[in-house]
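See below for the structure under consideration.
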Amino acid sequence: MIATACPYEIKSLFYDRSRITIKAETMKRPQLKTVLVLMTLMTVLCVQNTSAQAFEYPTYEGDSVRIEVKSKRARPTIADFATAYLDHYKDTGLYAKVNEDWKRYQLKKPLRYQGHFIVDIPNGYLSYEMPGEEYNETIYLEMCYWNCANGKHQLVCCNLKPKADGVYCWREYAGPSFYLYDNDNKKMRTIWAEDLDALYDGNCFSVFFLPRKGKDIRVMVESEGERWNEVLKWDGYKFKSGIKGTGF
């Protein structure tokens, strides 16, 4: 196409993996510049495509949990992810209460368990606060999702943070759980935190704060009487841990 559209002959055109070389001994400078710009753009797109395909999320034997996500839109919203997740775990512990209140919230009915929802569709964030079963206990549930760089997946997270007497505390159910949503089969499946570099040593007490704005998870870590803050930085597929954070 380029050779026939141009009255000047292109002597040769070939691709050598890391570079594209053009010999255009008789081509005028403006035309040569246009061709070089087009070839540069093609090279960048090839590199980006190769990079996007380079990372593969792991699969597990038995393929863990699979949750179907229904949505009226081409891509699910945080409300769609919450509906699917809570309905799947509706018979499990405190999720039964959250699921009931979530259905009431969607129908604009009074909540049964004195909870409070924040649903931020544009930023892909949802939270729910409710009294816990223990004395002076409060349960915080957060959900958010990230668009993966390959354009094929969303990474969904549900995080539970209990407080007792106004202080974050350990509970067996506390912490984040991650799910990988596939745009093709409309299902999300479990993906372990360690495969996302989002897991802390079991000897540490850590509290996760999901992002309502931005993409990074903030973490408060406590071990052997010391407390510090870190950031799990999102890279398009997983997280980079160990980054010093500011106080919060």
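How things are named: the first chain in the structure tokens is A, the next is B, and so on; residues count from 1 in each chain; ligands count from 1 in the order shown.
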With a cut-off of 10 Å, could you pull out the residues of region 89-117 of chain A touching region 130-144 of chain A and give me the nearest pair of atoms for each, distance in Å to one decimal, using only C-alpha atoms, ordered by chain and ascending number, as a tab-separated table?
residue	atom	partner	partner_atom	distance
A:Leu94	CA	A:Gly132	CA	8.7
A:Tyr95	CA	A:Leu141	CA	9.8
A:Lys97	CA	A:Met130	CA	9.3
A:Val98	CA	A:Met130	CA	8.4
A:Asp101	CA	A:Met130	CA	10.0
A:Tyr113	CA	A:Met130	CA	6.8
A:Gln114	CA	A:Met130	CA	6.2
A:Gly115	CA	A:Met130	CA	4.2
A:His116	CA	A:Met130	CA	6.7
A:Phe117	CA	A:Met130	CA	9.1
Practice item. Could you find all residues in region 41-248 of chain A that DSSP calls strand (DSSP E) from the backbone, and write them as number ranges by chain? Key: A: 66-68, 116-120, 125-131, 137-147, 153-164, 167-168, 175-182, 187-191, 205-209, 217-223, 226-234, 239-244
Produce a file of the selected residues containing C-alpha atoms, as a short mmCIF file (atom, residue, chain, number, x, y, z; two decimals), in the first residue's frame.
data_model
loop_
_atom_site.label_atom_id
_atom_site.label_comp_id
_atom_site.auth_asym_id
_atom_site.auth_seq_id
_atom_site.Cartn_x
_atom_site.Cartn_y
_atom_site.Cartn_z
CA ARG A 66 -17.05 -19.53 40.81
CA ILE A 67 -19.71 -16.83 41.07
CA GLU A 68 -21.90 -15.78 38.16
CA HIS A 116 -25.33 2.23 56.60
CA PHE A 117 -24.33 1.86 52.94
CA ILE A 118 -22.07 3.99 50.76
CA VAL A 119 -22.42 3.07 47.09
CA ASP A 120 -20.14 4.99 44.73
CA TYR A 125 -16.58 1.41 45.58
CA LEU A 126 -19.11 0.15 48.15
CA SER A 127 -19.04 0.02 51.94
CA TYR A 128 -21.40 -1.11 54.69
CA GLU A 129 -21.19 -0.40 58.40
CA MET A 130 -23.24 -2.34 60.96
CA PRO A 131 -23.18 -3.24 64.68
CA GLU A 137 -18.35 -3.95 68.14
CA THR A 138 -18.73 -2.48 64.66
CA ILE A 139 -18.26 -4.35 61.38
CA TYR A 140 -17.05 -2.57 58.26
CA LEU A 141 -17.39 -4.25 54.87
CA GLU A 142 -15.77 -2.73 51.77
CA MET A 143 -15.84 -3.76 48.12
CA CYS A 144 -14.10 -2.34 45.08
CA TYR A 145 -12.66 -3.52 41.79
CA TRP A 146 -9.78 -2.78 39.42
CA ASN A 147 -9.78 -2.93 35.63
CA HIS A 153 -10.65 -9.05 33.55
CA GLN A 154 -11.65 -7.08 36.62
CA LEU A 155 -10.12 -7.86 39.99
CA VAL A 156 -12.79 -7.67 42.71
CA CYS A 157 -12.05 -7.39 46.43
CA CYS A 158 -14.22 -7.75 49.51
CA ASN A 159 -12.64 -6.60 52.77
CA LEU A 160 -13.92 -6.96 56.34
CA LYS A 161 -12.67 -4.72 59.17
CA PRO A 162 -14.08 -5.25 62.68
CA LYS A 163 -13.69 -2.69 65.45
CA ALA A 164 -14.11 -3.20 69.20
CA VAL A 167 -10.10 0.01 67.83
CA TYR A 168 -9.51 -2.31 64.87
CA GLY A 175 -9.24 -9.17 55.91
CA PRO A 176 -9.53 -9.05 52.13
CA SER A 177 -10.60 -11.75 49.69
CA PHE A 178 -10.00 -11.41 45.95
CA TYR A 179 -11.92 -12.61 42.91
CA LEU A 180 -11.02 -12.46 39.23
CA TYR A 181 -13.93 -11.59 36.93
CA ASP A 182 -13.80 -12.79 33.32
CA LYS A 187 -18.06 -15.26 36.21
CA MET A 188 -15.60 -14.43 38.95
CA ARG A 189 -13.39 -16.94 40.70
CA THR A 190 -11.20 -16.92 43.77
CA ILE A 191 -7.64 -15.75 43.39
CA PHE A 205 -1.72 -7.84 62.44
CA SER A 206 -2.79 -5.92 59.35
CA VAL A 207 -5.84 -3.81 58.48
CA PHE A 208 -6.62 -3.14 54.82
CA PHE A 209 -8.26 0.02 53.50
CA ILE A 217 -4.62 -0.30 48.93
CA ARG A 218 -3.46 1.24 52.20
CA VAL A 219 -2.42 -1.14 54.97
CA MET A 220 -1.87 -0.57 58.67
CA VAL A 221 0.58 -3.20 59.93
CA GLU A 222 1.40 -4.04 63.54
CA SER A 223 3.99 -6.50 64.80
CA GLU A 226 5.48 -1.62 66.41
CA ARG A 227 3.01 -0.11 63.98
CA TRP A 228 3.62 1.26 60.50
CA ASN A 229 1.73 2.06 57.31
CA GLU A 230 2.30 0.60 53.87
CA VAL A 231 0.83 0.89 50.39
CA LEU A 232 -0.02 -1.94 48.00
CA LYS A 233 0.49 -0.24 44.64
CA TRP A 234 -1.64 -1.50 41.73
CA PHE A 239 0.18 -5.24 43.64
CA LYS A 240 3.65 -4.13 44.61
CA SER A 241 4.05 -4.38 48.38
CA GLY A 242 6.47 -2.96 50.89
CA ILE A 243 6.03 0.67 49.91
CA LYS A 244 6.12 3.03 52.88
#
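Of the residues listed (A:Cys148, A:Leu86, A:Leu199, A:Ala96), A:Cys148 shows the shortest atom-to-atom separation from Gly236 (chain A); distances use only C-alpha atoms.
Among A:Asn185, A:Tyr237, A:Asp216, A:Tyr89, the residue with the shortest atom-to-atom distance to Val69 (chain A), counting only C-alpha atoms, is A:Asn185.
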Review point. So what do you get for CA of Glu224 (chain A) versus CA of Cys204 (chain A), distance-wise?
Key: 8.1 Å
Practice item. Enumerate, as a VMD selection string, the complete set of residues in region 17-230 of chain A that a backbone-based DSSP assignment places in alpha helix (DSSP H). Key: chain A and resid 29 to 54 78 to 88 95 to 106
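For the atom pair formed by CA of Gly93 (chain A) and CA of Tyr173 (chain A), the distance is 9.5 Å, given to one decimal.
Across the model, the gap from CA of Asp87 (chain A) to CA of Glu100 (chain A) is 9.2 Å.
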Check your understanding: Near Lys70 (chain A), counting only C-alpha atoms, which residues have an atom at most 8 Å away, once you skip same-chain residues fewer than 2 positions from it, shown as a list of chain:residue names?
Key -> A:Glu68, A:Lys72, A:Pro76, A:Asp80, A:Ala84, A:Lys186
